[in-house]
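Read the structure below first, then the notes.
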Amino acid sequence: MDDIKDYLLCDKCKNKNFIRIYNFAVQYKKVNFSDDVIYDDVAEELYQCTHCQKIFTEQQIKAGLKRLAEERLNSFSGREQ
């Protein structure tokens with residue numbers, strides 16, 4: 001069997017090219033047993049369509065890839081949704 005490659009497409013413009021965007025932040029939390037505040041570094045990964053500039057979260061990308069795989073597997077088994 002030959003390899004098959006399905007590309008995730010932007011749901012707005014159908015472009016297949018994305019760039020990765022990082023947001024960096026510091027998240028503060030108050031500690032129950034003290035007046036002190038603790039903090040964590042947070043890095044968020046986002047993906048932007050290179051054509052229409054629409055931004056997707058990592059969860060949206062993973063969900064889209066999972067949907068593509070399920071659609072392909074259903075097409076092999078003859079089950080259409």
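Identifiers for the structure tokens are assigned positionally: chains receive A, B, ... in sequence, residues are indexed from 1 per chain, and ligands are indexed from 1 in the order shown.
For A:Lys29, the list of residues within 9 Å, based on only C-alpha atoms and with local chain neighbours fewer than 2 positions off taken out, reads Gln27, Val31, Asp36, Val37, Ile38, Tyr39 and Asp40 of chain A.
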message = Would you pick out the contacts of A:Cys13 at 10 Å or less, using only C-alpha atoms, so that residues sharing its chain but fewer than 6 positions from it are not included, and give the list as a ChimeraX atom specification?
response = /A:49,51-54
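For the choices A:Asn23, A:Asn15, A:Ser77, A:Ser34, the atom-to-atom distance to A:Thr57 is smallest for A:Asn23 when using only C-alpha atoms.
If only C-alpha atoms are the atoms counted, then among A:Gly78, A:Gln59, A:Glu70, A:Gln48 the closest residue to A:Lys16 is A:Gln48.
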query = Any idea what the distance is between atom CA of A:Ala43 and atom CA of A:Tyr22?
reply = 6.6 Å
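Every protein or nucleic acid residue with an atom no more than 12 Å from stretch 60-68 of chain A, counting only C-alpha atoms and leaving out same-chain residues fewer than 4 positions away, appears here: Ile4, Lys5, Asp6, Tyr7, Leu8, Leu9, Cys10, Asp11, Lys16, Phe18, Arg20, Glu45, Leu46, Tyr47, Gln48, Cys49, Ile55, Phe56, Arg72, Leu73, Asn74, Ser75 and Gln81 of chain A.
Within chain A, residues classed as strand (DSSP E or B) by DSSP on backbone coordinates are Phe18, Ile19, Arg20, Ile21, Tyr22, Asn23, Phe24, Ala25, Val26, Gln27, Tyr28, Lys29, Lys30, Val37, Ile38, Tyr39, Asp40, Asp41, Val42, Ala43, Glu44, Glu45, Leu46, Tyr47, Gln48, Cys49, Ile55, Phe56 and Thr57 of chain A.
You will find atom CA of A:Glu44 at 11.1 Å from atom CA of A:Val26.
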request  = as JSON, numbers by chain, list the residues of chain A assigned to alpha helix (DSSP H) by DSSP on the backbone atoms of this structure.
outcome  = {"A": [58, 59, 60, 61, 62, 63, 64, 65, 66, 67, 68, 69, 70, 71, 72, 73, 74, 75, 76, 77]}
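A straight line drawn from atom CA of A:Asn17 to atom CA of A:Thr50 is 5.8 Å long.
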